[in-house]
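See below for protein.cif, which holds mmCIF, C-alpha atoms and all ligand atoms.
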```
data_query
#
loop_
_atom_site.label_atom_id
_atom_site.label_comp_id
_atom_site.auth_asym_id
_atom_site.auth_seq_id
_atom_site.Cartn_x
_atom_site.Cartn_y
_atom_site.Cartn_z
CA MET J 1 10.14 -22.64 -34.99
CA SER J 2 12.76 -20.72 -33.00
CA GLU J 3 11.72 -17.66 -30.97
CA GLN J 4 12.34 -14.22 -32.59
CA LEU J 5 14.81 -12.50 -30.29
CA PRO J 6 14.40 -8.83 -29.40
CA THR J 7 17.14 -6.33 -30.25
CA THR J 8 15.51 -3.40 -28.44
CA ALA J 9 13.74 -2.88 -25.13
CA ARG J 10 11.27 -0.28 -23.85
CA ALA J 11 12.49 1.26 -20.62
CA TRP J 12 11.20 3.95 -18.25
CA HIS J 13 13.62 6.88 -18.02
CA LEU J 14 13.97 9.61 -15.40
CA ASP J 15 13.99 12.92 -17.30
CA THR J 16 14.01 15.42 -14.42
CA ARG J 17 14.52 15.06 -10.68
CA PRO J 18 11.23 15.64 -8.84
CA GLN J 19 10.82 18.14 -6.00
CA GLY J 20 8.09 16.98 -3.62
CA TRP J 21 5.47 14.82 -5.32
CA PRO J 22 6.77 13.58 -8.69
CA SER J 23 4.84 14.47 -11.83
CA PRO J 24 4.42 12.10 -14.80
CA SER J 25 6.04 14.72 -17.04
CA GLY J 26 9.39 13.97 -15.39
CA PHE J 27 9.49 10.45 -16.86
CA SER J 28 9.31 8.84 -20.30
CA LEU J 29 9.00 5.35 -21.73
CA ARG J 30 11.58 5.09 -24.50
CA GLN J 31 12.98 2.47 -26.83
CA VAL J 32 16.62 1.52 -26.24
CA GLU J 33 19.01 -0.80 -28.09
CA LEU J 34 19.86 -3.98 -26.21
CA PRO J 35 23.62 -4.49 -25.91
CA ALA J 36 25.19 -7.62 -27.44
CA LEU J 37 25.22 -10.51 -24.98
CA GLY J 38 28.67 -10.79 -23.33
CA PRO J 39 30.18 -13.71 -21.43
CA GLY J 40 28.30 -14.49 -18.21
CA GLN J 41 25.20 -12.61 -19.37
CA LEU J 42 21.55 -13.50 -19.94
CA LEU J 43 18.92 -12.07 -22.24
CA VAL J 44 15.79 -11.90 -20.08
CA GLU J 45 12.16 -11.19 -20.91
CA ASN J 46 10.66 -9.57 -17.81
CA GLU J 47 7.27 -10.89 -16.71
CA TYR J 48 6.75 -8.99 -13.44
CA LEU J 49 8.21 -5.73 -12.15
CA SER J 50 8.33 -4.44 -8.60
CA VAL J 51 7.68 -0.80 -7.74
CA ASP J 52 8.88 0.18 -4.27
CA PRO J 53 8.86 3.29 -2.06
CA TYR J 54 12.70 3.45 -1.93
CA MET J 55 12.65 4.27 -5.66
CA ARG J 56 11.37 7.75 -4.77
CA GLY J 57 14.66 8.32 -2.93
CA ARG J 58 16.62 7.28 -6.00
CA MET J 59 14.82 9.92 -8.07
CA SER J 60 16.50 12.58 -5.92
CA ASP J 61 20.22 13.14 -5.61
CA LYS J 62 20.23 13.52 -1.83
CA LYS J 63 22.80 11.43 0.05
CA SER J 64 21.40 7.94 0.50
CA TYR J 65 22.29 4.28 1.02
CA ILE J 66 21.86 3.62 -2.70
CA GLU J 67 22.99 5.39 -5.88
CA PRO J 68 20.45 7.84 -7.36
CA TYR J 69 18.90 7.16 -10.76
CA GLU J 70 20.73 9.08 -13.47
CA VAL J 71 18.79 11.76 -15.33
CA GLY J 72 18.22 10.73 -18.95
CA LYS J 73 18.93 7.06 -18.20
CA PRO J 74 16.62 4.06 -17.65
CA MET J 75 15.56 3.42 -14.06
CA ASP J 76 16.03 0.00 -12.51
CA GLY J 77 14.57 -2.13 -9.74
CA PRO J 78 13.57 -5.70 -8.90
CA ALA J 79 12.04 -7.84 -11.65
CA VAL J 80 11.41 -11.47 -12.43
CA GLY J 81 11.76 -12.75 -15.96
CA ARG J 82 12.37 -15.68 -18.26
CA VAL J 83 15.79 -16.37 -19.73
CA LEU J 84 15.63 -16.27 -23.54
CA VAL J 85 19.35 -16.72 -24.20
CA SER J 86 22.09 -17.72 -21.78
CA ASN J 87 25.80 -17.06 -22.06
CA ALA J 88 26.30 -18.07 -18.45
CA GLU J 89 27.07 -21.41 -16.88
CA GLY J 90 24.20 -22.82 -14.81
CA PHE J 91 21.44 -20.94 -16.68
CA VAL J 92 19.45 -22.22 -19.66
CA PRO J 93 16.66 -20.70 -21.76
CA GLY J 94 13.36 -21.11 -19.94
CA ASP J 95 14.88 -20.55 -16.49
CA TYR J 96 13.22 -17.86 -14.38
CA VAL J 97 15.42 -15.30 -12.62
CA VAL J 98 15.03 -12.44 -10.17
CA HIS J 99 17.32 -9.54 -11.04
CA VAL J 100 17.52 -5.76 -10.75
CA LEU J 101 16.91 -4.52 -14.31
CA GLY J 102 13.23 -3.75 -13.89
CA TRP J 103 11.25 -0.75 -15.26
CA ARG J 104 11.67 -2.35 -18.77
CA ASP J 105 10.44 -5.30 -20.80
CA TYR J 106 13.73 -6.93 -21.92
CA ALA J 107 17.15 -6.77 -20.30
CA VAL J 108 20.69 -8.04 -20.71
CA VAL J 109 21.49 -9.17 -17.18
CA ASP J 110 24.77 -10.23 -15.54
CA ALA J 111 24.09 -13.77 -14.33
CA ALA J 112 26.20 -13.05 -11.23
CA SER J 113 23.55 -10.56 -10.09
CA ALA J 114 20.60 -12.81 -10.98
CA GLN J 115 19.02 -15.46 -8.79
CA LYS J 116 17.31 -18.49 -10.29
CA VAL J 117 13.79 -19.08 -8.91
CA ASP J 118 11.44 -22.02 -9.19
CA PRO J 119 7.90 -21.22 -10.44
CA GLY J 120 6.89 -24.69 -9.28
CA LEU J 121 7.56 -23.85 -5.63
CA ALA J 122 5.79 -20.49 -5.46
CA PRO J 123 4.09 -18.07 -7.89
CA LEU J 124 6.67 -15.87 -9.62
CA THR J 125 5.32 -12.74 -7.95
CA ALA J 126 6.13 -14.19 -4.50
CA TYR J 127 9.83 -13.77 -5.30
CA LEU J 128 9.27 -10.00 -5.47
CA GLY J 129 7.12 -9.97 -2.34
CA VAL J 130 6.64 -12.42 0.49
CA LEU J 131 9.64 -14.59 -0.46
CA GLY J 132 11.65 -11.65 -1.79
CA LEU J 133 13.13 -8.51 -0.34
CA THR J 134 9.91 -7.29 1.27
CA GLY J 135 9.37 -10.49 3.26
CA LEU J 136 13.05 -10.58 4.12
CA THR J 137 12.91 -6.98 5.37
CA ALA J 138 10.05 -7.79 7.75
CA TYR J 139 11.82 -10.92 8.99
CA ILE J 140 15.23 -9.28 9.51
CA GLY J 141 13.75 -6.27 11.27
CA LEU J 142 11.92 -8.38 13.84
CA GLU J 143 14.37 -11.23 14.25
CA ARG J 144 17.75 -9.51 14.22
CA PHE J 145 16.99 -5.95 15.26
CA ALA J 146 13.82 -5.91 17.36
CA LYS J 147 14.86 -9.29 18.81
CA ILE J 148 11.19 -10.03 19.25
CA LYS J 149 10.24 -11.88 22.42
CA GLU J 150 7.21 -13.85 23.59
CA GLY J 151 4.56 -11.52 24.92
CA ASP J 152 5.90 -8.31 23.31
CA THR J 153 3.40 -5.64 22.37
CA VAL J 154 4.29 -4.69 18.80
CA PHE J 155 3.14 -1.66 16.81
CA VAL J 156 3.56 -1.72 13.01
CA SER J 157 3.04 1.35 10.81
CA GLY J 158 2.26 0.98 7.11
CA ALA J 159 0.69 -2.25 8.31
CA ALA J 160 -1.35 -3.13 5.21
CA GLY J 161 1.62 -2.68 2.86
CA ALA J 162 4.02 -5.31 1.61
CA VAL J 163 6.55 -5.15 4.46
CA GLY J 164 4.09 -4.10 7.19
CA SER J 165 1.49 -6.83 6.62
CA LEU J 166 4.20 -9.46 6.92
CA ALA J 167 5.88 -7.78 9.90
CA GLY J 168 2.63 -7.87 11.88
CA GLN J 169 1.93 -11.50 11.07
CA ILE J 170 5.51 -12.64 11.67
CA ALA J 171 5.50 -10.84 15.03
CA LYS J 172 2.38 -12.78 15.99
CA LEU J 173 3.86 -16.08 14.76
CA LYS J 174 6.98 -15.36 16.84
CA GLY J 175 4.88 -15.07 19.98
CA ALA J 176 4.06 -11.37 20.29
CA GLY J 177 1.35 -10.87 22.89
CA ARG J 178 -0.42 -8.04 21.11
CA VAL J 179 0.08 -6.64 17.60
CA ILE J 180 -1.31 -3.25 16.56
CA GLY J 181 -1.28 -1.85 13.05
CA SER J 182 -1.91 1.55 11.54
CA THR J 183 -2.94 2.12 7.96
CA GLY J 184 -4.72 4.64 5.74
CA SER J 185 -8.26 3.35 5.12
CA THR J 186 -11.23 1.66 6.81
CA ASP J 187 -11.03 -1.31 4.45
CA LYS J 188 -7.38 -1.84 5.27
CA VAL J 189 -8.10 -1.61 9.02
CA LYS J 190 -10.68 -4.38 8.59
CA LEU J 191 -8.24 -6.50 6.61
CA LEU J 192 -5.56 -6.20 9.29
CA VAL J 193 -7.83 -7.52 12.00
CA GLU J 194 -9.95 -9.99 10.06
CA GLU J 195 -7.43 -11.53 7.67
CA TYR J 196 -3.98 -10.89 9.08
CA GLY J 197 -4.88 -11.46 12.75
CA PHE J 198 -3.75 -8.10 14.18
CA ASP J 199 -5.22 -7.60 17.66
CA ALA J 200 -6.08 -3.98 16.92
CA ALA J 201 -5.74 -1.55 14.04
CA PHE J 202 -6.57 2.08 13.33
CA ASN J 203 -6.76 4.51 10.42
CA TYR J 204 -4.10 7.18 10.96
CA LYS J 205 -6.17 9.62 8.90
CA ASN J 206 -9.00 9.50 11.48
CA GLY J 207 -7.20 11.38 14.27
CA PRO J 208 -3.87 11.93 16.01
CA VAL J 209 -1.74 8.79 15.92
CA ALA J 210 -0.69 9.24 19.57
CA GLU J 211 -4.34 9.19 20.72
CA GLN J 212 -5.30 6.18 18.60
CA LEU J 213 -2.18 4.29 19.68
CA ALA J 214 -2.86 5.02 23.36
CA GLN J 215 -6.31 3.48 22.95
CA ALA J 216 -5.00 0.40 21.16
CA ALA J 217 -2.01 -0.10 23.49
CA PRO J 218 -2.96 1.41 26.87
CA ASP J 219 0.04 -0.25 28.58
CA GLY J 220 2.54 0.93 25.94
CA ILE J 221 4.62 -0.90 23.33
CA ASP J 222 7.79 -3.02 23.41
CA VAL J 223 8.52 -2.90 19.68
CA PHE J 224 7.76 -0.36 16.98
CA PHE J 225 8.33 -1.57 13.41
CA ASP J 226 8.23 1.72 11.53
CA ASN J 227 7.64 2.01 7.80
CA VAL J 228 6.27 5.56 7.95
CA GLY J 229 8.19 7.97 10.24
CA GLY J 230 7.00 11.49 11.15
CA GLU J 231 3.93 11.65 13.38
CA HIS J 232 3.94 7.84 13.77
CA LEU J 233 7.49 7.85 15.09
CA GLU J 234 6.78 10.60 17.62
CA ALA J 235 3.63 8.79 18.80
CA ALA J 236 5.51 5.51 19.21
CA ILE J 237 8.37 7.15 21.14
CA GLY J 238 5.74 8.56 23.47
CA ALA J 239 4.29 5.07 24.06
CA LEU J 240 7.48 3.09 24.76
CA LYS J 241 7.70 0.67 27.66
CA LEU J 242 10.98 0.07 29.46
CA HIS J 243 13.77 -1.35 27.21
CA ALA J 244 11.70 -1.06 24.05
CA ARG J 245 13.08 -1.33 20.51
CA ILE J 246 12.24 0.86 17.54
CA VAL J 247 13.18 -0.60 14.17
CA LEU J 248 13.29 2.00 11.40
CA SER J 249 12.44 0.07 8.26
CA GLY J 250 11.56 3.18 6.26
CA MET J 251 9.86 6.59 6.40
CA VAL J 252 7.40 6.64 3.55
CA SER J 253 5.51 9.69 4.92
CA GLN J 254 8.62 11.78 4.27
CA TYR J 255 9.70 10.58 0.82
CA ASN J 256 7.66 13.24 -1.02
CA ASP J 257 7.54 15.76 1.80
CA GLU J 258 9.99 18.65 1.69
CA LYS J 259 8.98 19.95 5.17
CA VAL J 260 9.90 17.11 7.49
CA VAL J 261 9.32 17.63 11.21
CA GLY J 262 11.33 15.37 13.51
CA PRO J 263 10.07 13.73 16.71
CA ARG J 264 10.12 16.24 19.59
CA ASN J 265 10.25 13.64 22.35
CA LEU J 266 13.57 11.83 21.81
CA TRP J 267 14.31 12.20 25.53
CA ASN J 268 11.74 9.47 26.15
CA LEU J 269 14.22 7.03 24.59
CA SER J 270 16.53 7.72 27.53
CA VAL J 271 13.73 7.71 30.06
CA THR J 272 12.72 4.21 28.92
CA ARG J 273 16.30 3.06 28.06
CA SER J 274 15.05 2.15 24.59
CA ASN J 275 16.97 1.77 21.33
CA VAL J 276 16.39 2.92 17.78
CA LEU J 277 17.82 0.53 15.21
CA THR J 278 18.16 0.80 11.44
CA PHE J 279 19.16 -1.75 8.85
CA MET J 280 19.32 -2.48 5.13
CA PHE J 281 18.10 -5.93 4.13
CA SER J 282 20.90 -6.32 1.58
CA GLU J 283 23.51 -6.27 4.37
CA GLU J 284 21.81 -9.06 6.32
CA LEU J 285 21.55 -11.77 3.68
CA ASP J 286 23.05 -14.39 6.00
CA LEU J 287 19.52 -14.61 7.47
CA GLN J 288 18.07 -15.67 4.10
CA PRO J 289 18.20 -19.46 4.73
CA ASP J 290 16.39 -19.04 8.09
CA PHE J 291 13.92 -16.69 6.41
CA ILE J 292 13.12 -19.14 3.60
CA ARG J 293 12.76 -22.03 6.06
CA GLU J 294 10.51 -20.19 8.52
CA VAL J 295 8.49 -17.94 6.22
CA GLY J 296 8.28 -20.61 3.47
CA GLY J 297 7.04 -23.05 6.12
CA TRP J 298 4.36 -20.67 7.45
CA LEU J 299 3.19 -19.99 3.90
CA ALA J 300 2.97 -23.69 3.10
CA GLN J 301 1.00 -24.28 6.31
CA GLY J 302 -1.39 -21.42 5.49
CA LYS J 303 -0.33 -19.52 8.62
CA LEU J 304 0.88 -16.46 6.73
CA HIS J 305 -1.25 -14.46 4.31
CA SER J 306 0.18 -12.25 1.63
CA ARG J 307 -1.74 -10.10 -0.80
CA GLU J 308 -0.62 -8.43 -3.99
CA THR J 309 -1.99 -5.52 -5.98
CA VAL J 310 -1.28 -6.14 -9.66
CA ARG J 311 -1.30 -3.49 -12.39
CA GLU J 312 -1.02 -4.63 -16.00
CA GLY J 313 1.38 -3.46 -18.69
CA LEU J 314 4.74 -1.74 -18.92
CA ASP J 315 2.94 1.47 -19.93
CA ASN J 316 1.25 1.50 -16.50
CA THR J 317 4.42 1.02 -14.44
CA LEU J 318 4.75 4.70 -13.57
CA ASP J 319 1.06 4.84 -12.60
CA ALA J 320 1.60 1.81 -10.40
CA PHE J 321 4.46 3.61 -8.65
CA PHE J 322 2.30 6.71 -8.04
CA ALA J 323 -0.58 4.52 -6.82
CA LEU J 324 1.79 2.89 -4.33
CA MET J 325 2.81 6.28 -2.95
CA ARG J 326 -0.90 7.23 -2.65
CA GLY J 327 -1.65 4.02 -0.74
CA GLU J 328 -3.79 2.38 -3.41
CA ASN J 329 -2.03 -0.95 -2.89
CA VAL J 330 -2.84 -3.71 -0.46
CA GLY J 331 0.28 -5.80 0.05
CA LYS J 332 2.97 -5.87 -2.62
CA MET J 333 2.50 -3.63 -5.65
CA ILE J 334 3.45 -5.58 -8.78
CA VAL J 335 3.32 -4.79 -12.49
CA LYS J 336 2.51 -7.71 -14.78
CA LEU J 337 3.93 -7.34 -18.28
P1 LIG J 401 4.06 -0.51 0.97
O1 LIG J 401 3.92 -0.36 2.44
O2 LIG J 401 3.50 -1.71 0.31
O3 LIG J 401 3.49 0.76 0.20
C1 LIG J 401 3.64 2.03 0.68
C2 LIG J 401 2.49 2.38 1.64
O4 LIG J 401 2.84 3.56 2.34
C3 LIG J 401 1.19 2.75 0.96
O5 LIG J 401 0.44 1.61 0.65
C4 LIG J 401 0.51 3.66 1.97
O6 LIG J 401 -0.40 2.89 2.75
C5 LIG J 401 1.66 4.12 2.85
N1 LIG J 401 1.81 5.58 2.84
C6 LIG J 401 2.00 6.40 1.79
N2 LIG J 401 2.10 7.69 2.20
C7 LIG J 401 1.95 7.67 3.55
C8 LIG J 401 1.94 8.66 4.57
N3 LIG J 401 2.11 9.96 4.27
N4 LIG J 401 1.76 8.29 5.85
C9 LIG J 401 1.59 6.98 6.18
N5 LIG J 401 1.59 5.99 5.24
C10 LIG J 401 1.77 6.32 3.96
O7 LIG J 401 5.62 -0.41 0.63
P2 LIG J 401 6.75 -1.44 1.10
O8 LIG J 401 7.52 -1.85 -0.09
O9 LIG J 401 6.16 -2.46 1.98
O10 LIG J 401 7.70 -0.49 1.97
C11 LIG J 401 7.33 -0.14 3.30
C12 LIG J 401 8.51 0.55 3.97
O11 LIG J 401 9.59 -0.37 4.08
C13 LIG J 401 9.03 1.76 3.20
O12 LIG J 401 9.29 2.80 4.12
C14 LIG J 401 10.31 1.24 2.59
O13 LIG J 401 11.23 2.27 2.34
C15 LIG J 401 10.77 0.27 3.67
N6 LIG J 401 11.72 -0.77 3.23
C16 LIG J 401 12.88 -0.89 3.93
C17 LIG J 401 13.80 -1.85 3.57
C18 LIG J 401 15.07 -1.98 4.37
O14 LIG J 401 15.94 -2.80 4.02
N7 LIG J 401 15.22 -1.23 5.44
C19 LIG J 401 13.54 -2.71 2.48
C20 LIG J 401 12.32 -2.57 1.80
C21 LIG J 401 11.40 -1.59 2.18
P3 LIG J 401 -1.61 3.54 3.60
O15 LIG J 401 -2.85 3.30 2.83
O16 LIG J 401 -1.56 2.78 4.89
O17 LIG J 401 -1.32 5.02 3.75
#
```
Same coordinates, now as structure tokens:
Amino acid sequence: MSEQLPTTARAWHLDTRPQGWPSPSGFSLRQVELPALGPGQLLVENEYLSVDPYMRGRMSDKKSYIEPYEVGKPMDGPAVGRVLVSNAEGFVPGDYVVHVLGWRDYAVVDAASAQKVDPGLAPLTAYLGVLGLTGLTAYIGLERFAKIKEGDTVFVSGAAGAVGSLAGQIAKLKGAGRVIGSTGSTDKVKLLVEEYGFDAAFNYKNGPVAEQLAQAAPDGIDVFFDNVGGEHLEAAIGALKLHARIVLSGMVSQYNDEKVVGPRNLWNLSVTRSNVLTFMFSEELDLQPDFIREVGGWLAQGKLHSRETVREGLDNTLDAFFALMRGENVGKMIVKL
């Protein structure tokens, strides 16, 4: 018997732009009509959704590197789903694709913006995490921007999260001499050292970051892979060795914070002749083949560990996003539909 095809989808909408911490009342899960399938399009049933810190930025209308979500419209983001109907060459029903119409159960997707993935090679969730944009972000930051070298002392903030946990491990696999991570709980500190092989880790909630970093890296750091910003960034600038590199991956401590205080010690960048570098993974996709070869290889050899925190159900997608911002995830936060 042929599959009954959906004509509507349920999608999370942004109803009001949050100030500071978002409140659930600013969002709603609503039914929307699915458009008719045009040439080059796919009807996709989403199976997994990604919630990511950058989405908080899109809820505001401040100037950014990506368009803000529109008030009264569905939100979007990475998702992996199964093709139900294909109007596009090279795609057939049953194929799995990664695309950007997440925050909903069904979507009509332009095949040109979808990437076919093989569930036989890796679990589908890996394409949103370790083999997706989060893994790629960690890889690009270290390889292209930090230009990691044998023996480097590397400090990673947000180290138990999706990007951070991979950044620390990749640094080690690339020959870093000492890798230090900071995170927000005792359990996560333990995980960093015992499972991910960090040489040292600390809980940033237990005391000033500068003091804890000085203990973990008494000789200073060569590379800071920063996911957090704020106090972490100031502490790292204060700990730089000569010719160090700071890679600004993100600044999650500031996404909900209206009163941002900048680092007061920028002069130390000049003193140590160090550089601060920023990047957006989507502009560095030429590194993807190297990334898949190296990171895929380490995964296959069991040298790289990646964890996921999975919440169930489209109804719980917003909760999953809030939980991510509160640090309730270990590794990649995923919603399973
Ligand atoms: P994640 O680290 O898996 O999740 C966010 C984590 O942030 C939470 O688990 C929490 O962990 C931590 N956090 C929340 N509030 C904090 C605070 N006030 N101070 C310190 N830590 C806090 O998220 P992700 O997807 O891997 O993203 C990590 C960073 O990478 C983000 O800044 C994101 O914007 C950035 N990113 C950049 C690119 C790029 O192309 N440049 C691409 C993707 C992601 P704790 O329990 O440790 O507090």
Practice problem: Name the closest residue to ligand LIG 401 (chain J) among the candidates J:Ala201, J:Leu233, J:Val252, J:Leu29; distances are taken between atoms, counting all atoms listed in the file. | Solution: J:Val252
Quiz item: Of the candidates J:Gly262, J:Pro53, J:Gly331, J:Gly26, which one gets nearest to J:Gly164 if we count only C-alpha atoms?
Solution: J:Gly331
Exercise. Would you please work out which residue, of J:Asn275, J:Gln212, J:Asn46, J:Thr137, is nearest to ligand LIG 401 (chain J) when using all atoms listed in the file?
Key: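 Counting all atoms listed in the file, the residue closest to ligand LIG 401 (chain J) is J:Thr137.
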Expected axis-aligned box over every listed atom of stretch 140-151 of chain J, 8 Å added per side, centre plus edges in Å to one decimal, as AutoDock Vina command-line options:
```
--center_x 11.2 --center_y -9.9 --center_z 17.2 --size_x 29.2 --size_y 23.9 --size_z 31.4
```
Quiz item: Hey, which residues come within 6 Å of ligand LIG 401 (chain J) if we count all atoms listed in the file? Could you give them as an MDAnalysis selection string?
Solution: chainID J and resid 52:54 134 137 158 160:164 183:185 227:228 249:253 279:281 324:329 331:332
Exercise. Just the residues within 7 Å of J:Pro263, please, counting only C-alpha atoms, with nothing from its chain fewer than 2 positions along; format it as a list in words.
Key: Gly230, Leu233, Glu234, Val261, Asn265 and Leu266 of chain J
Practice problem: Could you tell me which of J:Asn206, J:Gln254, J:Thr278, J:Ser306 comes closest to J:Leu142 if we count all atoms listed in the file? | Solution: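 Checking each of J:Asn206, J:Gln254, J:Thr278, J:Ser306 against J:Leu142, counting all atoms listed in the file, the winner is J:Thr278.
Nearest to J:Ile148 of all the residues J:Leu131, J:Glu89, J:Gly102, J:Arg245 is J:Arg245, counting all atoms listed in the file.
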Quiz prompt | Spatial neighbours of J:His243, max dist 7 Å, only C-alpha atoms, sep filter under 2 positions, as a PyMOL selection string | solution = chain J and resi 241+245+272-274
Exercise. Please indicate the distance in Å from atom CA of J:Ala114 to atom CA of J:Leu304, rounded to one decimal place.
Key: 26.8 Å
Practice problem: Tell me which protein, DNA and RNA residues are within 10 Å of J:Asp257, counting only C-alpha atoms, leaving out same-chain ones fewer than 6 positions away, and put them as a count of residues only. | Solution: 3
Quiz item: Skipping near chain neighbours, those fewer than 3 positions away, what residues fall within 12 Å of J:Gly296 using only C-alpha atoms, listed as a PyMOL selection string?
Solution: chain J and resi 121-122+126-127+130-132+135-136+139+170+288-293+299-306
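Atom CA of J:Asp219 sits 12.3 Å away from atom CA of J:Ala236.
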Quiz prompt | Interatomic distance (Å, one decimal) between atom CA of J:Pro78 and atom CA of J:Lys259 | solution = 29.6 Å
